[in-house]
$ cat target_24.cif   # mmCIF, C-alpha atoms and all ligand atoms
data_upload
#
loop_
_atom_site.label_atom_id
_atom_site.label_comp_id
_atom_site.auth_asym_id
_atom_site.auth_seq_id
_atom_site.Cartn_x
_atom_site.Cartn_y
_atom_site.Cartn_z
CA MET A 695 41.33 36.35 -3.53
CA ARG A 696 39.66 33.12 -4.51
CA GLU A 697 36.08 34.07 -3.69
CA THR A 698 36.07 37.16 -5.92
CA THR A 699 36.43 34.84 -8.91
CA MET A 700 33.64 32.51 -7.75
CA ARG A 701 30.37 33.12 -9.55
CA VAL A 702 27.31 32.25 -7.49
CA ALA A 703 23.82 31.84 -8.97
CA VAL A 704 20.70 31.71 -6.84
CA THR A 705 17.74 29.85 -8.30
CA ARG A 706 14.99 31.46 -6.21
CA LYS A 707 14.28 34.75 -4.41
CA LEU A 708 15.95 34.49 -0.97
CA PRO A 709 15.49 36.67 2.16
CA ASP A 710 16.76 40.23 1.53
CA PRO A 711 19.60 40.18 4.13
CA ILE A 712 20.93 36.95 2.62
CA GLU A 713 20.84 38.34 -0.90
CA ALA A 714 22.61 41.51 0.26
CA ARG A 715 25.37 39.45 1.88
CA LEU A 716 25.73 37.23 -1.18
CA LYS A 717 26.12 40.34 -3.33
CA SER A 718 28.74 41.80 -1.01
CA LEU A 719 30.80 38.60 -0.81
CA PHE A 720 30.58 37.13 -4.29
CA ASP A 721 29.89 37.79 -7.94
CA ALA A 722 26.26 36.78 -7.40
CA THR A 723 23.42 36.37 -9.88
CA LEU A 724 20.22 36.73 -7.85
CA SER A 725 16.73 35.64 -8.84
CA GLU A 726 13.29 37.17 -8.50
CA ALA A 727 11.63 33.79 -9.14
CA GLU A 728 9.18 32.49 -6.50
CA THR A 729 8.69 29.21 -8.40
CA PRO A 730 11.23 26.76 -9.84
CA LEU A 731 13.03 27.87 -13.00
CA PRO A 732 12.34 25.94 -16.22
CA GLN A 733 14.98 23.21 -16.61
CA PRO A 734 16.80 24.83 -19.59
CA ALA A 735 17.22 28.06 -17.58
CA LEU A 736 18.52 26.10 -14.59
CA ILE A 737 21.05 24.32 -16.79
CA ASP A 738 22.15 27.61 -18.39
CA LEU A 739 22.75 29.07 -14.92
CA ALA A 740 24.80 26.06 -13.88
CA ARG A 741 26.93 26.21 -17.04
CA ASP A 742 27.88 29.78 -16.23
CA HIS A 743 28.56 29.61 -12.46
CA GLN A 744 30.77 27.64 -10.09
CA ILE A 745 28.20 27.71 -7.31
CA LEU A 746 24.46 27.21 -7.42
CA ALA A 747 22.38 28.16 -4.37
CA ALA A 748 19.46 25.88 -5.18
CA THR A 749 16.34 24.81 -3.37
CA LEU A 750 13.51 22.32 -3.18
CA GLY A 751 11.75 22.09 -6.55
CA ASP A 752 14.94 22.43 -8.61
CA ALA A 753 15.28 19.11 -10.42
CA LEU A 754 18.99 18.44 -9.97
CA ASP A 755 18.92 14.94 -11.41
CA ALA A 756 21.45 12.91 -13.39
CA ASP A 757 20.35 14.59 -16.63
CA PHE A 758 20.95 18.02 -15.08
CA PHE A 759 24.50 17.07 -14.06
CA ARG A 760 25.19 15.61 -17.53
CA LYS A 761 24.15 18.89 -19.14
CA ALA A 762 25.52 21.33 -16.56
CA GLY A 763 29.08 21.30 -17.92
CA ASP A 764 32.20 21.24 -15.79
CA LYS A 765 32.23 24.75 -14.33
CA LEU A 766 29.75 23.88 -11.57
CA LYS A 767 31.54 22.84 -8.36
CA LEU A 768 29.11 23.40 -5.47
CA ILE A 769 25.39 23.15 -4.92
CA ALA A 770 24.56 24.95 -1.69
CA ASN A 771 21.00 23.85 -1.07
CA PHE A 772 18.69 26.26 0.77
CA GLY A 773 16.85 23.59 2.77
CA ALA A 774 17.52 20.41 4.73
CA GLY A 775 15.98 17.85 2.35
CA VAL A 776 18.10 16.92 -0.67
CA ASP A 777 15.78 14.41 -2.31
CA HIS A 778 15.58 16.69 -5.37
CA ILE A 779 19.36 16.28 -5.88
CA ASP A 780 20.99 13.15 -7.31
CA ILE A 781 23.85 13.04 -4.82
CA ALA A 782 25.66 10.18 -6.58
CA ALA A 783 25.48 11.99 -9.95
CA ALA A 784 26.76 15.20 -8.29
CA ALA A 785 29.72 13.29 -6.82
CA ALA A 786 30.42 11.61 -10.16
CA HIS A 787 30.64 15.08 -11.76
CA GLY A 788 32.87 16.43 -8.97
CA VAL A 789 30.13 18.65 -7.51
CA THR A 790 29.97 19.08 -3.72
CA VAL A 791 26.47 19.34 -2.20
CA THR A 792 25.58 21.05 1.08
CA ASN A 793 22.27 21.57 2.89
CA THR A 794 20.97 23.52 5.90
CA PRO A 795 20.38 21.02 8.71
CA SER A 796 19.38 21.83 12.30
CA VAL A 797 18.26 25.43 11.86
CA LEU A 798 14.70 24.57 10.91
CA ALA A 799 14.20 21.62 13.27
CA GLU A 800 12.39 23.55 16.01
CA ASP A 801 9.97 25.21 13.60
CA ALA A 802 9.28 21.93 11.81
CA ALA A 803 8.58 20.32 15.19
CA ASP A 804 6.15 23.12 16.06
CA MET A 805 4.25 22.38 12.86
CA ALA A 806 4.16 18.64 13.57
CA MET A 807 2.82 19.38 17.05
CA ALA A 808 0.27 21.83 15.65
CA LEU A 809 -1.02 19.13 13.26
CA MET A 810 -0.97 16.55 16.06
CA LEU A 811 -3.30 18.79 18.05
CA ALA A 812 -5.35 20.15 15.15
CA VAL A 813 -6.50 16.78 13.77
CA PRO A 814 -7.75 14.94 16.91
CA ARG A 815 -9.16 18.20 18.34
CA ARG A 816 -10.87 19.09 15.04
CA LEU A 817 -9.46 22.59 15.01
CA VAL A 818 -10.03 23.30 11.32
CA SER A 819 -13.56 21.78 11.31
CA GLY A 820 -14.40 23.97 14.30
CA VAL A 821 -13.14 27.15 12.63
CA ARG A 822 -15.01 26.27 9.41
CA ALA A 823 -18.24 25.53 11.29
CA LEU A 824 -18.03 28.88 13.04
CA GLU A 825 -17.32 30.74 9.81
CA ASP A 826 -20.24 28.93 8.15
CA GLY A 827 -22.64 30.09 10.90
CA GLU A 828 -23.17 26.57 12.25
CA PHE A 829 -22.36 27.39 15.89
CA LYS A 830 -25.67 27.57 17.79
CA GLY A 831 -24.14 27.53 21.28
CA TRP A 832 -22.28 25.00 23.41
CA SER A 833 -23.67 21.49 23.30
CA PRO A 834 -22.51 18.26 25.03
CA ASN A 835 -22.10 16.36 21.79
CA TRP A 836 -20.87 19.01 19.41
CA MET A 837 -17.37 18.93 17.89
CA LEU A 838 -16.22 15.89 19.80
CA GLY A 839 -12.64 15.01 19.03
CA ARG A 840 -10.11 12.78 20.78
CA ARG A 841 -7.87 13.53 23.78
CA VAL A 842 -4.17 13.88 23.00
CA ARG A 843 -2.75 13.43 26.50
CA GLY A 844 -1.89 9.84 27.39
CA LYS A 845 -1.63 8.66 23.79
CA ARG A 846 1.39 6.82 22.36
CA LEU A 847 3.33 8.75 19.72
CA GLY A 848 5.43 6.72 17.28
CA ILE A 849 8.12 8.73 15.51
CA VAL A 850 9.81 7.33 12.44
CA GLY A 851 13.09 9.21 12.12
CA LEU A 852 14.17 10.38 15.57
CA GLY A 853 16.84 12.75 14.25
CA ARG A 854 16.98 16.48 14.87
CA VAL A 855 13.36 17.16 13.89
CA GLY A 856 12.09 13.94 15.48
CA GLN A 857 13.76 14.72 18.78
CA ALA A 858 12.38 18.27 18.78
CA ILE A 859 8.91 16.75 18.20
CA ALA A 860 9.43 14.23 21.01
CA THR A 861 10.48 16.98 23.45
CA ARG A 862 7.29 18.91 22.73
CA ALA A 863 5.11 15.80 22.77
CA ARG A 864 6.38 14.83 26.22
CA GLY A 865 5.07 18.19 27.46
CA PHE A 866 1.65 17.25 26.08
CA GLY A 867 1.67 13.97 28.00
CA LEU A 868 2.40 11.65 25.09
CA ALA A 869 4.52 8.50 25.51
CA ILE A 870 7.36 8.39 22.98
CA HIS A 871 8.05 5.40 20.75
CA TYR A 872 10.42 5.50 17.79
CA HIS A 873 11.87 3.58 14.92
CA ASN A 874 15.30 4.40 13.45
CA ARG A 875 17.81 2.17 11.72
CA GLN A 876 19.82 2.34 14.97
CA PRO A 877 18.78 3.34 18.50
CA ILE A 878 19.72 6.92 19.41
CA ASN A 879 22.23 7.91 22.09
CA PRO A 880 21.04 6.22 25.31
CA HIS A 881 21.21 9.50 27.27
CA ILE A 882 18.80 11.18 24.85
CA GLU A 883 16.61 8.07 24.78
CA GLU A 884 16.43 8.14 28.55
CA ALA A 885 15.71 11.88 28.73
CA LEU A 886 12.82 11.39 26.29
CA GLN A 887 11.79 8.12 27.97
CA ALA A 888 11.58 6.81 24.45
CA THR A 889 10.93 3.18 23.51
CA TYR A 890 12.97 1.91 20.55
CA TRP A 891 11.39 -0.42 17.99
CA PRO A 892 13.95 -2.13 15.73
CA THR A 893 11.29 -2.61 13.05
CA PHE A 894 8.73 -0.12 11.82
CA ASP A 895 6.16 -2.91 11.37
CA ALA A 896 6.38 -3.91 15.03
CA MET A 897 5.91 -0.33 16.24
CA LEU A 898 2.77 0.39 14.22
CA PRO A 899 0.17 -1.62 16.23
CA ASN A 900 1.55 -0.11 19.46
CA ILE A 901 0.98 3.58 18.78
CA ASP A 902 -1.94 6.01 18.52
CA ILE A 903 -0.25 8.73 16.46
CA LEU A 904 2.42 8.19 13.82
CA SER A 905 4.71 11.14 13.09
CA ILE A 906 7.01 10.98 10.07
CA SER A 907 10.31 12.86 10.18
CA CYS A 908 12.71 10.62 8.26
CA PRO A 909 14.25 11.80 4.98
CA SER A 910 12.83 10.85 1.61
CA THR A 911 15.12 8.32 -0.07
CA PRO A 912 14.46 5.46 -2.51
CA GLU A 913 14.21 3.20 0.58
CA THR A 914 11.60 5.35 2.37
CA ARG A 915 9.35 5.92 -0.67
CA HIS A 916 5.87 4.66 0.30
CA LEU A 917 7.26 3.50 3.64
CA LEU A 918 3.72 3.98 4.92
CA SER A 919 2.09 1.60 2.47
CA ALA A 920 -1.45 0.15 2.45
CA GLY A 921 -0.12 -2.93 4.27
CA ARG A 922 1.49 -0.86 7.01
CA ILE A 923 -1.56 1.40 7.39
CA SER A 924 -3.54 -1.74 8.14
CA ARG A 925 -1.21 -2.43 11.09
CA LEU A 926 -2.22 0.86 12.73
CA SER A 927 -5.21 1.01 15.04
CA ARG A 928 -8.47 2.28 13.50
CA ASP A 929 -8.27 5.22 15.93
CA ALA A 930 -4.75 6.21 14.87
CA TYR A 931 -3.67 9.47 13.26
CA VAL A 932 -0.77 10.12 10.89
CA VAL A 933 1.29 13.33 10.82
CA ASN A 934 3.94 14.15 8.20
CA VAL A 935 6.28 17.16 8.06
CA SER A 936 9.02 15.44 6.05
CA ARG A 937 8.26 14.52 2.44
CA GLY A 938 4.99 13.46 0.86
CA ASP A 939 6.29 10.45 -1.04
CA ILE A 940 7.04 8.61 2.22
CA ILE A 941 3.28 7.95 2.37
CA ASP A 942 1.27 6.12 -0.27
CA GLU A 943 -1.35 8.88 -0.42
CA ASP A 944 -3.91 6.81 -2.35
CA ALA A 945 -3.74 4.16 0.38
CA LEU A 946 -3.95 6.78 3.13
CA ALA A 947 -6.95 8.48 1.52
CA ALA A 948 -8.73 5.14 1.06
CA ALA A 949 -8.08 4.15 4.68
CA ILE A 950 -9.43 7.44 6.05
CA GLU A 951 -12.43 7.41 3.70
CA SER A 952 -13.39 3.88 4.78
CA GLY A 953 -12.95 4.62 8.49
CA ARG A 954 -9.97 2.26 8.69
CA LEU A 955 -7.87 5.17 10.03
CA ALA A 956 -9.00 8.17 12.11
CA GLY A 957 -7.26 10.99 10.26
CA ALA A 958 -4.09 12.75 9.17
CA GLY A 959 -2.25 16.06 9.38
CA LEU A 960 0.07 16.59 6.43
CA ASP A 961 2.37 19.50 5.62
CA VAL A 962 3.84 17.73 2.58
CA PHE A 963 2.25 15.94 -0.37
CA GLU A 964 3.26 13.18 -2.72
CA ARG A 965 2.72 15.28 -5.85
CA GLU A 966 3.43 18.84 -4.70
CA PRO A 967 2.04 21.35 -5.19
CA GLU A 968 -1.09 19.26 -5.87
CA PRO A 969 -2.81 17.98 -2.73
CA HIS A 970 -4.60 14.63 -3.02
CA ALA A 971 -8.23 15.47 -3.89
CA LYS A 972 -9.73 12.98 -1.40
CA LEU A 973 -7.44 14.07 1.42
CA LEU A 974 -8.23 17.71 0.68
CA ALA A 975 -11.97 17.01 0.90
CA SER A 976 -11.82 14.88 4.05
CA PRO A 977 -13.07 16.44 7.30
CA ASN A 978 -10.60 14.21 9.16
CA VAL A 979 -7.55 15.57 7.40
CA VAL A 980 -5.71 18.86 7.89
CA LEU A 981 -3.42 19.86 5.04
CA THR A 982 -0.94 22.74 5.19
CA PRO A 983 1.11 23.86 2.17
CA HIS A 984 4.67 22.71 3.00
CA MET A 985 5.14 25.53 5.49
CA ALA A 986 6.84 23.82 8.44
CA SER A 987 10.01 25.90 8.05
CA SER A 988 8.14 29.07 7.03
CA THR A 989 9.24 31.43 9.76
CA VAL A 990 11.32 34.54 9.23
CA GLU A 991 13.82 33.09 11.71
CA SER A 992 14.20 29.72 9.98
CA ARG A 993 14.45 31.20 6.51
CA ASN A 994 17.13 33.70 7.60
CA GLU A 995 19.08 30.99 9.40
CA MET A 996 18.81 28.68 6.38
CA GLY A 997 20.24 31.55 4.33
CA GLU A 998 23.06 31.98 6.87
CA ARG A 999 23.96 28.30 6.49
CA VAL A 1000 24.00 28.70 2.71
CA LEU A 1001 26.35 31.68 3.08
CA ILE A 1002 28.65 29.79 5.47
CA ASN A 1003 28.83 26.78 3.18
CA ILE A 1004 29.57 28.89 0.11
CA LYS A 1005 32.15 31.05 1.90
CA MET A 1006 34.01 28.04 3.31
CA PHE A 1007 34.03 26.41 -0.11
CA ALA A 1008 35.15 29.59 -1.85
CA ASP A 1009 37.97 29.95 0.69
CA GLY A 1010 39.20 26.48 -0.20
CA HIS A 1011 37.85 24.61 2.85
CA LYS A 1012 35.39 21.77 3.19
CA PRO A 1013 31.99 23.35 3.84
CA PRO A 1014 30.45 22.19 7.14
CA ASP A 1015 27.14 20.84 5.85
CA ARG A 1016 28.44 18.51 3.15
CA ILE A 1017 26.18 15.66 2.09
CA ILE A 1018 28.33 12.58 1.96
CA PRO A 1019 27.27 10.26 -0.89
CA GLY A 1020 25.90 7.02 0.51
CA LEU A 1021 25.10 8.62 3.89
CA ASP A 1022 22.45 11.06 2.61
C1 LIG B 1101 13.51 21.41 3.82
O1 LIG B 1101 14.34 22.13 4.35
O2 LIG B 1101 13.84 20.43 3.16
C2 LIG B 1101 12.08 21.79 3.96
O3 LIG B 1101 11.24 20.81 3.54
C3 LIG B 1101 11.82 23.10 3.23
O4 LIG B 1101 12.15 24.06 4.12
#
$ encode --input "target_24.cif" --output "structure tokens" --more "lines below"
Ligand code: DGY
Amino acid sequence: MRETTMRVAVTRKLPDPIEARLKSLFDATLSEAETPLPQPALIDLARDHQILAATLGDALDADFFRKAGDKLKLIANFGAGVDHIDIAAAAAHGVTVTNTPSVLAEDAADMAMALMLAVPRRLVSGVRALEDGEFKGWSPNWMLGRRVRGKRLGIVGLGRVGQAIATRARGFGLAIHYHNRQPINPHIEEALQATYWPTFDAMLPNIDILSISCPSTPETRHLLSAGRISRLSRDAYVVNVSRGDIIDEDALAAAIESGRLAGAGLDVFEREPEPHAKLLASPNVVLTPHMASSTVESRNEMGERVLINIKMFADGHKPPDRIIPGLD
């Protein structure tokens, strides 16, 4: 059978049930690594396997594909974002790339919502003040934040994650605005009572909270630039559960430090794993360590998608979650 000859290498420690299934289905080389492999080790793995189950942090760039040899045929990414993979270079070397869309959207949306509540309501400052013994009893002026209900939420990238955020936000009494390249299906737009803005620039002055859920691509790098931050209201907040490089972090930090912007809740950073020092120190910023999809359920379901994509490919079919070059 075809799959028994397929050699699968995993670049990072995956959930136990997924590893067990990989072992039972394929000739699988597992990994104990919790951090990305050094590049030479990654290339060695690729040279010796047809399939690489890779993940965020693996630098699968043009140089990798040049050096990986011609055995490698599939990269089954454990994760939705594929900005660490040069999709055009993969295609040029005859390598199919898949990801794990959908399964983590609800958990990512929970994290966006948590940040959207935590920043205006000063959740982390409150916890810290209590832990530091600063709570002397209720007081009319202590720990004042800003009300969430009634605010206008602008979502850039109203895809699976963005729509899951919008659904939650409606429950919290937020009005939904969005910017995509194209408007979404009118039925979904109507259900969310969402207002479409054909340009990102036009949406910015008309919202109170900006939530970023578009993919990181060369076009979206520093999408939230200094110029665009200045279009937001001084009372606005920014939330990001997508990729850090969509925001110019230096510009964001400067705007928050100067009072030009109210605050931010970020699960992703421009130079991961290093958080921006000024953002880390700011009382108006909540940073979480890229953990939006960190639930047992999401991680197992991401693993299931990896298994399905590999199995379909090994059986000679097109795997369901293919990234199509040019549409990624
Ligand atoms: C993804 O899937 O790309 C997340 O950022 C990591 O889970």
$ closest_residue --input "target_24.cif" --among "A:Cys908, A:Val776, A:Leu811, A:Ala722" --to "ligand LIG 1101 (chain B)" --atoms "only C-alpha atoms and all ligand atoms"
A:Val776
$ residues_around --input "target_24.cif" --residues "stretch 888-900 of chain A" --least-positions-apart "4" --cutoff "6 Å" --atoms "all atoms listed in the file" --output "PyMOL selection string"
chain A and resi 870-873+883+925-926
$ atom_distance --input "target_24.cif" --atom1 "atom CA of A:Val850" --atom2 "atom CA of A:Ile906"
5.2 Å
$ axis_aligned_box --input "target_24.cif" --around "ligand LIG 1101 (chain B)" --padding-each-side "8 Å" --output "AutoDock Vina command-line options"
--center_x 12.8 --center_y 22.2 --center_z 3.8 --size_x 19.1 --size_y 19.6 --size_z 17.2
$ closest_atom_pairs --input "target_24.cif" --of "chain A" --to "ligand LIG 1101 (chain B)" --cutoff "9 Å" --atoms "all atoms listed in the file" --output "JSON lines"
{"residue": "A:Thr749", "atom": "CA", "partner": "B:LIG1101", "partner_atom": "C3", "distance": 8.2}
{"residue": "A:Leu750", "atom": "CA", "partner": "B:LIG1101", "partner_atom": "O2", "distance": 6.6}
{"residue": "A:Asn771", "atom": "CA", "partner": "B:LIG1101", "partner_atom": "O1", "distance": 8.8}
{"residue": "A:Phe772", "atom": "CA", "partner": "B:LIG1101", "partner_atom": "O1", "distance": 7.0}
{"residue": "A:Gly773", "atom": "CA", "partner": "B:LIG1101", "partner_atom": "O1", "distance": 3.3}
{"residue": "A:Ala774", "atom": "CA", "partner": "B:LIG1101", "partner_atom": "O1", "distance": 3.6}
{"residue": "A:Gly775", "atom": "CA", "partner": "B:LIG1101", "partner_atom": "O2", "distance": 3.4}
{"residue": "A:Val776", "atom": "CA", "partner": "B:LIG1101", "partner_atom": "O2", "distance": 6.7}
{"residue": "A:Asp777", "atom": "CA", "partner": "B:LIG1101", "partner_atom": "O2", "distance": 8.4}
{"residue": "A:Asn793", "atom": "CA", "partner": "B:LIG1101", "partner_atom": "O1", "distance": 8.1}
{"residue": "A:Thr794", "atom": "CA", "partner": "B:LIG1101", "partner_atom": "O1", "distance": 6.9}
{"residue": "A:Pro795", "atom": "CA", "partner": "B:LIG1101", "partner_atom": "O1", "distance": 7.5}
{"residue": "A:Leu798", "atom": "CA", "partner": "B:LIG1101", "partner_atom": "O1", "distance": 7.0}
{"residue": "A:Ala799", "atom": "CA", "partner": "B:LIG1101", "partner_atom": "O1", "distance": 8.9}
{"residue": "A:Ala802", "atom": "CA", "partner": "B:LIG1101", "partner_atom": "C2", "distance": 8.3}
{"residue": "A:Pro909", "atom": "CA", "partner": "B:LIG1101", "partner_atom": "O2", "distance": 8.8}
{"residue": "A:Val935", "atom": "CA", "partner": "B:LIG1101", "partner_atom": "O3", "distance": 7.6}
{"residue": "A:Ser936", "atom": "CA", "partner": "B:LIG1101", "partner_atom": "O3", "distance": 6.3}
{"residue": "A:Arg937", "atom": "CA", "partner": "B:LIG1101", "partner_atom": "O3", "distance": 7.0}
{"residue": "A:Val962", "atom": "CA", "partner": "B:LIG1101", "partner_atom": "O3", "distance": 8.1}
{"residue": "A:His984", "atom": "CA", "partner": "B:LIG1101", "partner_atom": "O3", "distance": 6.9}
{"residue": "A:Met985", "atom": "CA", "partner": "B:LIG1101", "partner_atom": "O4", "distance": 7.3}
{"residue": "A:Ala986", "atom": "CA", "partner": "B:LIG1101", "partner_atom": "O4", "distance": 6.8}
{"residue": "A:Ser987", "atom": "CA", "partner": "B:LIG1101", "partner_atom": "O4", "distance": 4.8}
{"residue": "A:Ser988", "atom": "CA", "partner": "B:LIG1101", "partner_atom": "O4", "distance": 7.0}
{"residue": "A:Ser992", "atom": "CA", "partner": "B:LIG1101", "partner_atom": "O4", "distance": 8.4}
{"residue": "A:Arg993", "atom": "CA", "partner": "B:LIG1101", "partner_atom": "O4", "distance": 7.9}
{"residue": "A:Met996", "atom": "CA", "partner": "B:LIG1101", "partner_atom": "O1", "distance": 8.2}
$ closest_residue --input "target_24.cif" --among "A:Val1000, A:Ile781, A:Ala808, A:Leu739" --to "A:Glu713" --atoms "only C-alpha atoms"
A:Val1000
$ residues_around --input "target_24.cif" --residues "A:Glu726" --least-positions-apart "4" --cutoff "12 Å" --atoms "all atoms listed in the file" --output "list in words"
Ala703, Val704, Thr705, Arg706, Lys707, Leu708, Pro709, Asp710, Glu713, Pro730 and Leu731 of chain A
$ decode --input "target_24.cif" --residues "stretch 847-855 of chain A" --atoms "all heavy atoms" --output "CSV table (one decimal), in the first residue's frame"
chain,number,residue,atom,x,y,z
A,847,LEU,N,-17.0,47.9,17.0
A,847,LEU,CA,-15.9,47.0,16.8
A,847,LEU,C,-15.6,47.0,15.3
A,847,LEU,O,-16.5,46.6,14.5
A,847,LEU,CB,-16.2,45.6,17.3
A,847,LEU,CG,-15.2,44.5,17.0
A,847,LEU,CD1,-13.8,44.8,17.6
A,847,LEU,CD2,-15.7,43.2,17.4
A,848,GLY,N,-14.4,47.3,14.9
A,848,GLY,CA,-14.0,47.1,13.5
A,848,GLY,C,-13.1,45.9,13.4
A,848,GLY,O,-12.0,45.8,14.0
A,849,ILE,N,-13.5,45.0,12.5
A,849,ILE,CA,-12.7,43.8,12.3
A,849,ILE,C,-12.1,43.8,10.9
A,849,ILE,O,-12.7,44.0,9.9
A,849,ILE,CB,-13.7,42.5,12.4
A,849,ILE,CG1,-14.3,42.5,13.8
A,849,ILE,CG2,-12.9,41.2,12.1
A,849,ILE,CD1,-15.3,41.3,14.0
A,850,VAL,N,-10.8,43.7,10.9
A,850,VAL,CA,-10.1,43.6,9.6
A,850,VAL,C,-9.8,42.1,9.4
A,850,VAL,O,-9.1,41.4,10.2
A,850,VAL,CB,-8.8,44.5,9.5
A,850,VAL,CG1,-7.8,44.2,10.6
A,850,VAL,CG2,-8.2,44.3,8.1
A,851,GLY,N,-10.5,41.5,8.4
A,851,GLY,CA,-10.4,40.1,8.2
A,851,GLY,C,-11.6,39.4,8.8
A,851,GLY,O,-11.5,38.7,9.8
A,852,LEU,N,-12.7,39.5,8.1
A,852,LEU,CA,-13.9,38.8,8.6
A,852,LEU,C,-14.1,37.5,8.0
A,852,LEU,O,-15.1,37.2,7.3
A,852,LEU,CB,-15.2,39.7,8.4
A,852,LEU,CG,-16.4,39.4,9.3
A,852,LEU,CD1,-16.2,39.7,10.7
A,852,LEU,CD2,-17.6,40.2,8.8
A,853,GLY,N,-13.1,36.6,8.2
A,853,GLY,CA,-13.1,35.2,7.8
A,853,GLY,C,-13.7,34.4,8.9
A,853,GLY,O,-14.5,34.8,9.7
A,854,ARG,N,-13.1,33.2,9.0
A,854,ARG,CA,-13.7,32.2,10.0
A,854,ARG,C,-13.5,32.8,11.4
A,854,ARG,O,-14.4,32.8,12.2
A,854,ARG,CB,-13.0,30.9,9.9
A,854,ARG,CG,-13.3,30.1,8.7
A,854,ARG,CD,-12.6,28.8,8.7
A,854,ARG,NE,-12.7,28.1,7.5
A,854,ARG,CZ,-11.8,28.1,6.5
A,854,ARG,NH1,-10.7,28.8,6.6
A,854,ARG,NH2,-12.0,27.4,5.4
A,855,VAL,N,-12.2,33.2,11.7
A,855,VAL,CA,-12.0,33.8,13.1
A,855,VAL,C,-12.7,35.1,13.3
A,855,VAL,O,-13.4,35.3,14.3
A,855,VAL,CB,-10.4,34.0,13.3
A,855,VAL,CG1,-10.2,34.6,14.6
A,855,VAL,CG2,-9.7,32.6,13.2
